[in-house]
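Student: Take this structure, written in structure tokens, and hold onto it; I'll ask about it next.
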Number of protein chains: 4
Amino acid sequence: MTRRAGRSLLQLPGPTNVPDAVLRALAEPTLDHRGVVFEGIARSVIADVGEVFGTTSPVAIFPASGTGGWEAALVNTLSPGDRVLTCETGFFAAAWTRVAKALGLIVDVIQTDWRRPVDPAAIADALRADIARSIRAVLIVHNETSTGTTSDVAAIRAAMDGARHPALLLVDTVSSLGAMPVEHDAWRVDVTVSASQKGLMLPPGLALLAISQTARTAKLSATLPRSYWDWDPMLAAAGTGAFPYTPASNMIVGLRTSLDLLAAEGMGNVFARHRRHGAMARAAVEHWGLTLLCADPAARSEAVTAVLLPEGIADTAVRRGLLDNFGVTIGGGLGLLKDRCLRIGHLGDVDDLMIISTLAALELELPRHGVDLAPGGVQAAMAVVAAHGMVTAAS
Amino acid sequence: MTRRAGRSLLQLPGPTNVPDAVLRALAEPTLDHRGVVFEGIARSVIADVGEVFGTTSPVAIFPASGTGGWEAALVNTLSPGDRVLTCETGFFAAAWTRVAKALGLIVDVIQTDWRRPVDPAAIADALRADIARSIRAVLIVHNETSTGTTSDVAAIRAAMDGARHPALLLVDTVSSLGAMPVEHDAWRVDVTVSASQKGLMLPPGLALLAISQTARTAKLSATLPRSYWDWDPMLAAAGTGAFPYTPASNMIVGLRTSLDLLAAEGMGNVFARHRRHGAMARAAVEHWGLTLLCADPAARSEAVTAVLLPEGIADTAVRRGLLDNFGVTIGGGLGLLKDRCLRIGHLGDVDDLMIISTLAALELELPRHGVDLAPGGVQAAMAVVAAHGMVTAAS
Amino acid sequence: MTRRAGRSLLQLPGPTNVPDAVLRALAEPTLDHRGVVFEGIARSVIADVGEVFGTTSPVAIFPASGTGGWEAALVNTLSPGDRVLTCETGFFAAAWTRVAKALGLIVDVIQTDWRRPVDPAAIADALRADIARSIRAVLIVHNETSTGTTSDVAAIRAAMDGARHPALLLVDTVSSLGAMPVEHDAWRVDVTVSASQKGLMLPPGLALLAISQTARTAKLSATLPRSYWDWDPMLAAAGTGAFPYTPASNMIVGLRTSLDLLAAEGMGNVFARHRRHGAMARAAVEHWGLTLLCADPAARSEAVTAVLLPEGIADTAVRRGLLDNFGVTIGGGLGLLKDRCLRIGHLGDVDDLMIISTLAALELELPRHGVDLAPGGVQAAMAVVAAHGMVTAAS
Amino acid sequence: MTRRAGRSLLQLPGPTNVPDAVLRALAEPTLDHRGVVFEGIARSVIADVGEVFGTTSPVAIFPASGTGGWEAALVNTLSPGDRVLTCETGFFAAAWTRVAKALGLIVDVIQTDWRRPVDPAAIADALRADIARSIRAVLIVHNETSTGTTSDVAAIRAAMDGARHPALLLVDTVSSLGAMPVEHDAWRVDVTVSASQKGLMLPPGLALLAISQTARTAKLSATLPRSYWDWDPMLAAAGTGAFPYTPASNMIVGLRTSLDLLAAEGMGNVFARHRRHGAMARAAVEHWGLTLLCADPAARSEAVTAVLLPEGIADTAVRRGLLDNFGVTIGGGLGLLKDRCLRIGHLGDVDDLMIISTLAALELELPRHGVDLAPGGVQAAMAVVAAHGMVTAAS
């Protein structure tokens, strides 16, 4: 096959572009996971990753995919036959529901058209209707990766408080952590689930959970069987650096570097960058005259922008053209949205030019597939950059 | 801290020294796990790793530690309250037992003194005594990493056959796979569990399972709750290269390189090398006048040699001295054997000189801790090498 | 210092962006340069790099910067006091002149305003005027890196032929080799000098020379002292893989990978890509209303575009802003052009999106320094891309 | 070809094993060599490498092999027809002589049998006999890599002083710098030449020169033509970080890491380590009953040990066997010693176990080629280690 020169851009809503420094850290010779060097790294990682979660409590780090984090959140807090409430904002909310059902839980689902965030009032209504207080947990996806929609966790927490319902609040932040503010403590989330391959700028392979004291108490009476996902011995590693079974040690060494990079940029700068990139992507899409999937302007994600494709345009062909012609990988539609949308990831280790590149590739590729668009989207995105302050004072 | 020049040797019984080529593969930019490039790699890896397991069936690859593989083997085949039989050959056999109990299984344990392999006759006796055929599975650790003892799986299978008992045979090959012959199909094992960080020469992070048709059938009536560990969608990846949730994709890319390296050496050569290294380690230990933990000469492992320490010698101090003075990491005692033994790993990407180096470090370090030994163990190990044919015809 | 997220672009006219695969090859453990493995690589590299030079003769590869290649071309073919003719097309032509003078040669210089290529007629005139045939060599810079101007070597050769003058033709292709066609044999160049850090996509550290039979004959009577630069033992390496002194062996291993990448893309595709990128850069600059330094449209380089800055704009501040705000490095003015121009490198391992990125950064940064430009240059560059065929047939 | 498992050891007397951290630094993306980041690194490197040379003056760093350093030392200080004095201690002293002759110098050679160091008295005699003071420089190889013999530069300097002769003292420290004390200032050497690929633990590609004020003054009247090798603009880089032509920038970035590693170990520890390794190698060779090439025990090198082979044993076959069977590369005989000796490199990033490994490989391989040796050389080398204090206090 003919080689394509230059670089590739992994503009998925995860996995994201892994910085070279992190790739190099991943390739350090494997350490003795029961030795002092690794244990020191592990302790520091557990301490520092808490800041990204907005928590002062220890974080459990499992050698697993994010899906395992969903399972861990459930098996540590619930018992067979328990009821949970969720809102199907998209593919991943639906997938978490499937996990819950497979584990023997009963799931009440608030449906949506996959184009809007969780409605806190709907949560409150459902909880108020639960006179028996049989709902044990509310499951929320903070940033629905499949639709580019962000739900307001603080508002949901307030709604739950308003309903005076004791259900636990379990939140998936897989594609928001490290890209947008996540406030596990301030929002009083009970379990915040995340993973390594998005805002933490690592390959897939780690599931991370921040856990409230309420959740830890819930575990005392939770009877779902658990062994691998038992979070108590994982939390003990915060003090000892020693894990209950062999950790994904190279990944944890890589996470040390990721956290250093986030700190070197400053979380405020990281969040501002993601906001700017979200604005750039939306400016281009709207300039082109295409439709943003998320129907609620206030809920459009700063990590991923989903674009509805005109009827008859296959996302597969567009994505393949982007890859072959430009080395750009973006996401396609999942589940109900299969073949109906494109998802532009703008999270992780991304800069303005990588966003401009991705948008330029789309502006050049889409017309070749019959998409009628108004040229100038890239220029619109550049205007967003121009409107922001830059680092260097001009001479 | 003062830098130590030169190289470090990770002579644990796992994780093992990861070859540079594999480290480089791990550090390749993360791929789109739903893209054609990754899917092609995934299919080829699943196809080729089967050879190492001695099976023509697909292998399930989970983003998890080997401990997750134990759990997967159980939840896919068993139901709450099922009885299983195991033989406590050491720390890891005991740990699998704990997992089984945590999942709600009843475990019959055949005890040992942690110095010998599973006795097939004892298995047969236990099964024959199970008139009700209530034992659903026999759990065996092929190579007990904590004691340096290898059990004879084929003999255990024959004993089970002789007892005409229908129990499934579940085997942990975490520290034998890729170092010693594993014959999933020929031995008629039902689930063979392994992990990435030993003979497969990768960091920790993948659990792998070879699964018999009998085991797949057992799943149809097994009712332990399962979602993450459900092996059916994992097995589907053999055909599609697509996993049910985000795989540890960089690890799978690394596994592609590991399998290439094993193939380039030839599995016959790989096994012969491990046999030679086991013989070298034992020759040195016996020359020194120290005691091999494994009391059964025929069962001494080709992957790890455990050495009993004289009373009053702390393995921690010896291990620290080896690391500081020589950059060599070996294992210490686990569980009952804590502070009582050293474990020399000789598996994975190791050559004769790395074994000689490890033994030289021990021969130099042990006397500094009050261990009285007969010098010349290194020379004894060299004699083992000299007795084997070498690659190049001498001139 | 605050970290900047994302990637850096080295859009100098050299050194250029080194592909990851080449970086990895450079970091392979150093080989025994007198061993069979390295000698095999060296022979293959010397054989294959000839194709990039358009020659079937062996190429001499020195552990040196390109400047050393200039010196090698002179000391192997000339004697103290010899006259040579050159045309000062820019900074690098002037620098080669300084080298010649430092070595004791007499240099006749045809001046230019640094905004145009070598005029073949001027060369012919100068040679015809040399009745005594005392000019021993003509020194030409194929692609003047400091001005973005390409001279027509074939036309110069024809002019020399027309003048029936026996002078040798020595050509610097440091910034053209691997980016534009170089035809050492077909153009009947006597010595073609190049270096590793441009179209060959390596770091600096290798000087390469293609040498005609006429040049090798000239060496027999050339009396400039030489030892390190003696090309005969270097050329012998084509057969043996053994160099007269320690070669920059990791660089030669890296060059093996570079040549593989060029072959995988196909030299025709490589050249077409550079032509497209030159057109993109010029389209943006002209759209902005800025002035291209090269006054001869036919001679504008496909490897580097130099842009005159309006009076009073310091290139240093612009370049610093590009680096701090966007991670983009471009070149500034050299020599006479110091503080008067910017040089956009578009050679080496570059793709369309990297060019678009570079131009977007300029379009955003220049106005902040008081440069008045017409927005839309990026869009103009995109139009160039759209006008070219792409890899994938649209659906 | 069948893969050999494990690691390779590059126990040449150069190039040496490059530490992983240096390999990674070499593979950092190439920097703008005219940018602030690189210039800062360059200044720090020039400042710090002086300590390794034992000088407070700036060091010139050329993108070249060490052979270029020889040439630079000569062309900056001498004029055509000048006489120089050297002592042919081995292959490299002879090679430097050839360079001097090729550049038009007249060389007076004190011969040796290649088994002993420079005799200071012989130097003094030759200088005293030079009534006309026509000898302009004395050329000495500090550590003769081809024979494993170290000359006493301080004693030579004293002999020159005693002879009251004004000749410059030019010293090759290619294989001693970074392994043994080099005291450019204290020994009053005029030019100390070295290279990157030995004690500095880098690949080949840099020549380094420390230069006395006397040598800089000599340059004012030296008329050998020079351009590339002109050291004045190179020395200016100490202040500016800017080089007169493109530097081998990735190598200089690598050198930054090498210097950091040397500092982290401490030069005193580095030298003590090399002394211990020299003692280990000699202990083994003498135990085997083989003959050390260097006939003067006080002059045996701490960086390389040369061993005479019995008649009829080809070094090529032994070296090939070491490589194929053990992955160990050692040196063979050069020049007059071709096929007559082996050279064991013990310099650079080497630890005790790497020396033991190399000696074990020799002890196993040599008998297969008909070399009759007394087993136990490895044990003798281990005894040398045991006799030295170790890092960790025993418990």
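We label chains A, B, ... in the order they appear in the structure tokens, count residues from 1 in each chain, and number ligands from 1 in the order shown.
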Select from chain B every residue with an atom at most 6 Å from any atom of chain A, then for each give the shortest pair of atoms and their distance in Å to one decimal, using only C-alpha atoms, rows by chain and rising number, as a tab-separated table.

Tutor:
residue	atom	partner	partner_atom	distance
B:Leu23	CA	A:Ala27	CA	4.8
B:Ala27	CA	A:Leu23	CA	4.8
B:Pro63	CA	A:Ala64	CA	5.1
B:Ala64	CA	A:Ala64	CA	4.9
B:Val99	CA	A:Ser227	CA	5.8
B:Ala102	CA	A:Ser227	CA	5.8
B:Leu103	CA	A:Pro225	CA	5.1
B:Pro204	CA	A:Ala248	CA	4.9
B:Gly205	CA	A:Ala248	CA	4.9
B:Pro225	CA	A:Leu103	CA	5.1
B:Ser227	CA	A:Val99	CA	5.8
B:Ala248	CA	A:Gly205	CA	4.9

Student: Using the selection just defined, write its residues with C-alpha atoms as a PDB file, in the first residue's frame.

Tutor:
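That gives us out12.pdb:
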ATOM      1  CA  LEU B  23       8.107  -1.963  24.462  1.00  0.00           C
ATOM      2  CA  ALA B  27       4.382   2.871  22.486  1.00  0.00           C
ATOM      3  CA  PRO B  63      -8.458  -5.988  29.425  1.00  0.00           C
ATOM      4  CA  ALA B  64      -7.687  -7.211  32.925  1.00  0.00           C
ATOM      5  CA  VAL B  99     -12.039 -15.646  44.482  1.00  0.00           C
ATOM      6  CA  ALA B 102     -16.184 -14.509  47.194  1.00  0.00           C
ATOM      7  CA  LEU B 103     -18.341 -15.348  44.201  1.00  0.00           C
ATOM      8  CA  PRO B 204       0.433  -6.784  33.024  1.00  0.00           C
ATOM      9  CA  GLY B 205      -2.958  -5.847  31.605  1.00  0.00           C
ATOM     10  CA  PRO B 225     -24.143 -12.892  37.167  1.00  0.00           C
ATOM     11  CA  SER B 227     -21.326  -8.820  32.175  1.00  0.00           C
ATOM     12  CA  ALA B 248      -6.519  -2.553  25.843  1.00  0.00           C
TER      13      ALA B 248
END

Student: Counting only C-alpha atoms, what is within 8 Å of His277 of chain B, bar same-chain residues fewer than 5 positions away, as JSON, numbers by chain?

Tutor: {"B": [302, 346, 352, 355]}

Student: Take the selection from the previous step and output its residues with all heavy atoms, as an mmCIF file, in the first residue's frame.

Tutor:
data_model
loop_
_atom_site.group_PDB
_atom_site.id
_atom_site.type_symbol
_atom_site.label_atom_id
_atom_site.label_comp_id
_atom_site.auth_asym_id
_atom_site.auth_seq_id
_atom_site.Cartn_x
_atom_site.Cartn_y
_atom_site.Cartn_z
ATOM 1 N N GLU B 302 10.288 -25.083 35.419
ATOM 2 C CA GLU B 302 11.228 -24.551 34.430
ATOM 3 C C GLU B 302 11.079 -23.036 34.287
ATOM 4 O O GLU B 302 11.743 -22.420 33.468
ATOM 5 C CB GLU B 302 11.001 -25.260 33.088
ATOM 6 C CG GLU B 302 11.461 -26.712 33.189
ATOM 7 C CD GLU B 302 10.764 -27.648 32.227
ATOM 8 O OE1 GLU B 302 10.017 -27.151 31.372
ATOM 9 O OE2 GLU B 302 10.982 -28.864 32.345
ATOM 10 N N HIS B 346 12.912 -17.390 35.902
ATOM 11 C CA HIS B 346 13.689 -17.645 34.681
ATOM 12 C C HIS B 346 12.716 -17.965 33.560
ATOM 13 O O HIS B 346 12.748 -19.025 32.965
ATOM 14 C CB HIS B 346 14.750 -18.743 34.866
ATOM 15 C CG HIS B 346 14.377 -19.864 35.803
ATOM 16 N ND1 HIS B 346 13.587 -20.902 35.430
ATOM 17 C CD2 HIS B 346 14.698 -20.070 37.106
ATOM 18 C CE1 HIS B 346 13.445 -21.730 36.452
ATOM 19 N NE2 HIS B 346 14.101 -21.255 37.499
ATOM 20 N N ASP B 352 21.006 -17.111 28.517
ATOM 21 C CA ASP B 352 21.906 -17.782 29.466
ATOM 22 C C ASP B 352 22.671 -16.781 30.331
ATOM 23 O O ASP B 352 22.863 -16.999 31.529
ATOM 24 C CB ASP B 352 22.921 -18.650 28.705
ATOM 25 C CG ASP B 352 22.267 -19.808 27.968
ATOM 26 O OD1 ASP B 352 21.062 -20.064 28.176
ATOM 27 O OD2 ASP B 352 22.971 -20.452 27.159
ATOM 28 N N ILE B 355 20.740 -15.393 33.220
ATOM 29 C CA ILE B 355 20.662 -16.350 34.331
ATOM 30 C C ILE B 355 21.985 -16.370 35.092
ATOM 31 O O ILE B 355 22.006 -16.319 36.329
ATOM 32 C CB ILE B 355 20.319 -17.760 33.785
ATOM 33 C CG1 ILE B 355 18.967 -17.745 33.067
ATOM 34 C CG2 ILE B 355 20.350 -18.781 34.924
ATOM 35 C CD1 ILE B 355 17.802 -17.401 33.940
#

Student: Excluding Ala121 of chain B and any residue of its chain fewer than 5 positions from it, enumerate the residues within 9 Å of it, using only C-alpha atoms, and give them as a short mmCIF file (atom, residue, chain, number, x, y, z; two decimals) with N, CA, C and O atoms, in the first residue's frame.

Tutor:
data_model
loop_
_atom_site.label_atom_id
_atom_site.label_comp_id
_atom_site.auth_asym_id
_atom_site.auth_seq_id
_atom_site.Cartn_x
_atom_site.Cartn_y
_atom_site.Cartn_z
N ALA B 126 -10.99 -37.69 45.53
CA ALA B 126 -12.02 -36.73 45.91
C ALA B 126 -13.21 -36.82 44.96
O ALA B 126 -14.37 -36.68 45.37
N ILE B 156 -3.63 -35.21 35.68
CA ILE B 156 -4.84 -34.85 36.42
C ILE B 156 -6.09 -35.12 35.56
O ILE B 156 -7.08 -35.69 36.03
N ALA B 159 -6.70 -38.71 35.62
CA ALA B 159 -7.29 -39.11 36.89
C ALA B 159 -8.78 -38.80 36.92
O ALA B 159 -9.60 -39.59 37.41
#

Student: I'd like the neighbourhood of Ser176 of chain D as a list in words, where a residue qualifies if any of its atoms comes within 7 Å (using only C-alpha atoms), though same-chain residues fewer than 5 positions away should be ignored.

Tutor: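 Everything that qualifies: His142, Asn143, Gly199 and Ala303 of chain D.
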
Student: How would the residues just chosen look if you wrote them out with all heavy atoms as a PDB file, in the first residue's frame?

Tutor:
ATOM      1  N   HIS D 142      46.148   8.609  24.355  1.00  0.00           N
ATOM      2  CA  HIS D 142      46.123   8.351  25.796  1.00  0.00           C
ATOM      3  C   HIS D 142      45.841   6.883  26.093  1.00  0.00           C
ATOM      4  O   HIS D 142      46.609   6.225  26.793  1.00  0.00           O
ATOM      5  CB  HIS D 142      45.045   9.241  26.448  1.00  0.00           C
ATOM      6  CG  HIS D 142      44.919   9.083  27.936  1.00  0.00           C
ATOM      7  ND1 HIS D 142      43.737   9.306  28.603  1.00  0.00           N
ATOM      8  CD2 HIS D 142      45.825   8.734  28.878  1.00  0.00           C
ATOM      9  CE1 HIS D 142      43.935   9.110  29.898  1.00  0.00           C
ATOM     10  NE2 HIS D 142      45.175   8.766  30.090  1.00  0.00           N
ATOM     11  N   ASN D 143      44.741   6.403  25.541  1.00  0.00           N
ATOM     12  CA  ASN D 143      44.390   5.001  25.750  1.00  0.00           C
ATOM     13  C   ASN D 143      44.311   4.348  24.377  1.00  0.00           C
ATOM     14  O   ASN D 143      43.396   4.622  23.613  1.00  0.00           O
ATOM     15  CB  ASN D 143      43.036   4.895  26.453  1.00  0.00           C
ATOM     16  CG  ASN D 143      42.695   3.466  26.827  1.00  0.00           C
ATOM     17  OD1 ASN D 143      43.382   2.860  27.641  1.00  0.00           O
ATOM     18  ND2 ASN D 143      41.657   2.920  26.213  1.00  0.00           N
ATOM     19  N   GLY D 199      33.186   6.533  26.349  1.00  0.00           N
ATOM     20  CA  GLY D 199      32.785   6.846  27.721  1.00  0.00           C
ATOM     21  C   GLY D 199      31.618   7.807  27.807  1.00  0.00           C
ATOM     22  O   GLY D 199      30.949   7.895  28.839  1.00  0.00           O
ATOM     23  N   ALA D 303      39.783   0.522  30.389  1.00  0.00           N
ATOM     24  CA  ALA D 303      38.657   0.645  29.457  1.00  0.00           C
ATOM     25  C   ALA D 303      38.553  -0.532  28.497  1.00  0.00           C
ATOM     26  O   ALA D 303      37.473  -0.829  27.988  1.00  0.00           O
ATOM     27  CB  ALA D 303      38.774   1.945  28.646  1.00  0.00           C
TER      28      ALA D 303
END

Student: Find the spatial neighbours of Pro120 of chain A, counting only C-alpha atoms, within a cut-off of 7 Å - ignore same-chain residues fewer than 2 positions away - and output them as a PyMOL selection string.

Tutor: chain A and resi 118+122-124+155-156+159

Student: If we count only C-alpha atoms, what is near Val270 of chain B at a cut-off of 12 Å, once residues fewer than 4 positions away on the same chain are taken out, given as a PyMOL selection string?

Tutor: (chain B and resi 52+176-181+199-200+259+261-266+274-277+302-303+346-351) or (chain D and resi 2-6)

Student: Check segment 121-359 of chain B with DSSP on the backbone and list each residue it calls strand (DSSP E), as a VMD selection string.

Tutor: chain B and resid 135 to 141 143 to 144 149 to 150 168 to 172 191 to 195 206 to 211 291 to 292 304 to 308 328 to 332 341 to 345

Student: Which residues, written as number ranges by chain, have at least one atom at most 7 Å from Gly148 of chain B, with only C-alpha atoms counted and residues fewer than 6 positions away on the same chain left out?

Tutor: B: 294, 300-301, 304-306

Student: Emit the selected residues as a PDB file, in the first residue's frame, including N, CA, C and O atoms.

Tutor:
ATOM      1  N   CYS B 294      10.725 -26.823  46.300  1.00  0.00           N
ATOM      2  CA  CYS B 294       9.928 -27.931  45.761  1.00  0.00           C
ATOM      3  C   CYS B 294      10.598 -29.250  46.122  1.00  0.00           C
ATOM      4  O   CYS B 294      11.733 -29.521  45.711  1.00  0.00           O
ATOM      5  N   ARG B 300       9.921 -29.750  39.740  1.00  0.00           N
ATOM      6  CA  ARG B 300      10.554 -28.430  39.834  1.00  0.00           C
ATOM      7  C   ARG B 300      10.346 -27.650  38.541  1.00  0.00           C
ATOM      8  O   ARG B 300      10.548 -28.163  37.454  1.00  0.00           O
ATOM      9  N   SER B 301       9.984 -26.424  38.726  1.00  0.00           N
ATOM     10  CA  SER B 301       9.512 -25.626  37.609  1.00  0.00           C
ATOM     11  C   SER B 301      10.632 -25.187  36.680  1.00  0.00           C
ATOM     12  O   SER B 301      11.751 -24.912  37.101  1.00  0.00           O
ATOM     13  N   VAL B 304      10.433 -20.907  37.328  1.00  0.00           N
ATOM     14  CA  VAL B 304      10.796 -20.217  38.563  1.00  0.00           C
ATOM     15  C   VAL B 304      11.371 -21.228  39.542  1.00  0.00           C
ATOM     16  O   VAL B 304      10.875 -22.352  39.642  1.00  0.00           O
ATOM     17  N   THR B 305      12.437 -20.821  40.221  1.00  0.00           N
ATOM     18  CA  THR B 305      13.052 -21.679  41.231  1.00  0.00           C
ATOM     19  C   THR B 305      12.945 -20.982  42.576  1.00  0.00           C
ATOM     20  O   THR B 305      13.438 -19.866  42.744  1.00  0.00           O
ATOM     21  N   ALA B 306      12.285 -21.656  43.517  1.00  0.00           N
ATOM     22  CA  ALA B 306      12.161 -21.104  44.863  1.00  0.00           C
ATOM     23  C   ALA B 306      13.191 -21.767  45.770  1.00  0.00           C
ATOM     24  O   ALA B 306      13.379 -22.978  45.714  1.00  0.00           O
TER      25      ALA B 306
END
